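Written below as structure tokens is the structure these notes are about.
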Amino acid sequence: MLHIVNKSPLDRPSLDAVLQTAEAGAILLIEDGVYAATKGSAGEAKLKSAGGKFKLYALAPDLEARGVADRVMDGVTAVDYAGFVDLVAEHKASQSWL
Amino acid sequence: MTIKKFMFVNRKAPYGTVYALESLEVVLIAAAFEQDVSLAFMDDGVYQLKKGHQTKGIEMKGFEKTYGALEDYDVTKLYVDSDSLAARGLTADDLCVPVEVMSRAELGKMMEDQDVVLSF
Amino acid sequence: MKFSVLINEGPYTHQASDSAYQFTKAALAKGHEIFRVFFYHDGVNNATRLTTPPQDDRNIVNRWSKLAEEHKLDLVVCVAAAQRRGIVDEGEAKRNGKDATNLAPGFRISGLGQLIEAGIQSDRTVVFGD
């Protein structure tokens, strides 16, 4: 399953919900969700504590728009919209954690 | 017709926003299409099922009864996250319909099994 | 592969419609088929042709109309959500006694069954919202 998170982890518990609920698969951070992937943030600690259970991705245009493209934590792969499409195609289903 | 597993994930409280009500409308349509429908409630979504809604004072349509009517549409798979209930001081007795209370890990397993997951 | 897209938020306030547009464009560029784009909740506000953003801003509504024209996209607006929010085509105007219409080109108004059908017919359904 591809889990899509679009909210900052300091605003809403969407990322927490995914990390505590989902079995495995990939997490794609988009929109305000990309803040979770920035070095030194509370989101980084949460993602690290998941301990490699998930493949982690963040949408590059959203990182760039927010001025944080140069702060992406280790273990997170930046993808463009074409990469987003590939991730959806690769997984049997996607779930947007709204 | 193809039958797919549709799960509706509800994580938002009722009335403050329209999502809970309009989500229920989709659930009923999915049931009319004879799909394999299940509903998951977690985080503030569990407040949707809190019994005793009285919406007269806010002049909005109450829809607690619709949850009770789901059974008539053969929608009986209602899964509720136990942690979310506990965090809100609620138990299954506070809810307006019978549900299956489960852990987040169990809920995650259910999700993994779905063809289409819709959230609003 | 066959994709469908659900948009739950209106234009300009949330990024949902922008993200969905970029996703849809990228999927088409990769040769995927878009079976349907369904607009629900405030998402129906993406379908008003009366939108007039400043010249230096993107026109979210026109952008969808143009993409629909270029790729024969099926852009469907939920009728119940549209009625609540005043998105009207000629049929709806006649039925409900309204003196105007505002549905943008390339969109059509239909029922929620179209969303479920999209979920059934498509290999993947992606949701964009708040």
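By order in the structure tokens, chains are A, B, ...; within a chain, residues start at 1; ligands start at 1, following the order shown.
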Which residues of chain B come within 7 Å of chain A, and for each one, what is the closest pair of atoms and their distance in Å to one decimal, counting only C-alpha atoms, sorted by chain and residue number, as a tab-separated table?
```
residue	atom	partner	partner_atom	distance
B:Arg104	CA	A:Thr21	CA	4.7
B:Ala105	CA	A:Thr21	CA	5.2
B:Leu107	CA	A:Thr21	CA	6.6
B:Gly108	CA	A:Ala22	CA	4.6
B:Lys109	CA	A:Glu23	CA	6.4
B:Glu112	CA	A:Met1	CA	6.3
B:Asp115	CA	A:Ala93	CA	6.0
B:Val116	CA	A:Ala93	CA	6.3
B:Val117	CA	A:Gln95	CA	5.6
B:Ser119	CA	A:Leu98	CA	6.2
B:Phe120	CA	A:Leu98	CA	6.2
```
Dump of C-alpha atoms for the selected residues, as a PDB file, in the first residue's frame:
```
ATOM      1  CA  ARG B 104      -4.230  -0.057  15.095  1.00  0.00           C
ATOM      2  CA  ALA B 105      -2.154  -3.002  13.910  1.00  0.00           C
ATOM      3  CA  LEU B 107      -6.833  -2.064  11.428  1.00  0.00           C
ATOM      4  CA  GLY B 108      -3.664  -1.777   9.348  1.00  0.00           C
ATOM      5  CA  LYS B 109      -4.050  -5.411   8.268  1.00  0.00           C
ATOM      6  CA  GLU B 112      -3.780  -3.738   3.395  1.00  0.00           C
ATOM      7  CA  ASP B 115      -8.807  -2.521  -3.446  1.00  0.00           C
ATOM      8  CA  VAL B 116      -9.978   1.066  -3.014  1.00  0.00           C
ATOM      9  CA  VAL B 117      -9.498   3.244   0.069  1.00  0.00           C
ATOM     10  CA  SER B 119     -11.031   9.220   2.669  1.00  0.00           C
ATOM     11  CA  PHE B 120     -12.608  12.644   2.811  1.00  0.00           C
TER      12      PHE B 120
END
```
Considering only C-alpha atoms, return as a PyMOL selection string whatever protein or nucleic-acid residues lie within 7 Å of stretch 80-82 of chain A, sequence-local ones (same chain, fewer than 5 positions apart) excluded. (chain A and resi 59-61) or (chain C and resi 22-23+26-27)
Determine which residues of chain C sit within 12 Å of chain B, taking into account only C-alpha atoms, and present them as a VMD selection string. chain C and resid 3 to 9 16 39 to 43 78 80 to 81 84 111 to 130
As number ranges by chain, list the residues of chain B assigned to strand (DSSP E) by DSSP on the backbone atoms of this structure. B: 5-10, 36-41, 77-81, 100-102, 116-119
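Proximity to chain C was assessed for A:Val68, A:Val85, A:His91, A:Gly43 counting only C-alpha atoms; the smallest distance is recorded for A:Val85.
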DSSP helix (DSSP H, G or I) selection over chain C, as a VMD selection string: chain C and resid 16 to 29 41 to 47 60 to 71 79 to 85 90 to 96 113 to 121
For B:Ala69, find every residue with an atom within 10 Å (counting only C-alpha atoms), except residues of its own chain fewer than 5 positions away, and show them as a compact mmCIF listing (two decimals) with N, CA, C and O atoms, in the first residue's frame.
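Once written, result17.txt looks like this:
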```
# COMPACT_ATOMS: atom_id res chain seq x y z
N LEU B 28 -23.34 4.79 1.19
CA LEU B 28 -24.64 4.24 0.78
C LEU B 28 -24.66 3.91 -0.71
O LEU B 28 -25.23 2.90 -1.13
N GLU B 64 -26.96 10.85 12.89
CA GLU B 64 -26.66 9.68 13.72
C GLU B 64 -27.48 8.46 13.26
O GLU B 64 -26.98 7.34 13.22
N ASP B 74 -26.81 -3.71 4.20
CA ASP B 74 -25.81 -4.77 4.34
C ASP B 74 -24.40 -4.25 4.58
O ASP B 74 -23.42 -4.90 4.24
N VAL B 75 -24.30 -3.05 5.14
CA VAL B 75 -22.99 -2.54 5.54
C VAL B 75 -22.83 -2.84 7.03
O VAL B 75 -23.46 -2.21 7.87
N VAL B 97 -23.90 2.49 17.30
CA VAL B 97 -24.11 1.23 16.56
C VAL B 97 -23.10 0.19 17.04
O VAL B 97 -22.06 0.54 17.60
```
Could you tell me how far atom CA of B:Gly89 lies from atom CA of B:Lys12, in Å and to one decimal? 16.7 Å
Using only C-alpha atoms, the residue out of C:Ser19, C:Ser110, C:Thr48, C:Thr101 with shortest distance to chain A is C:Ser19
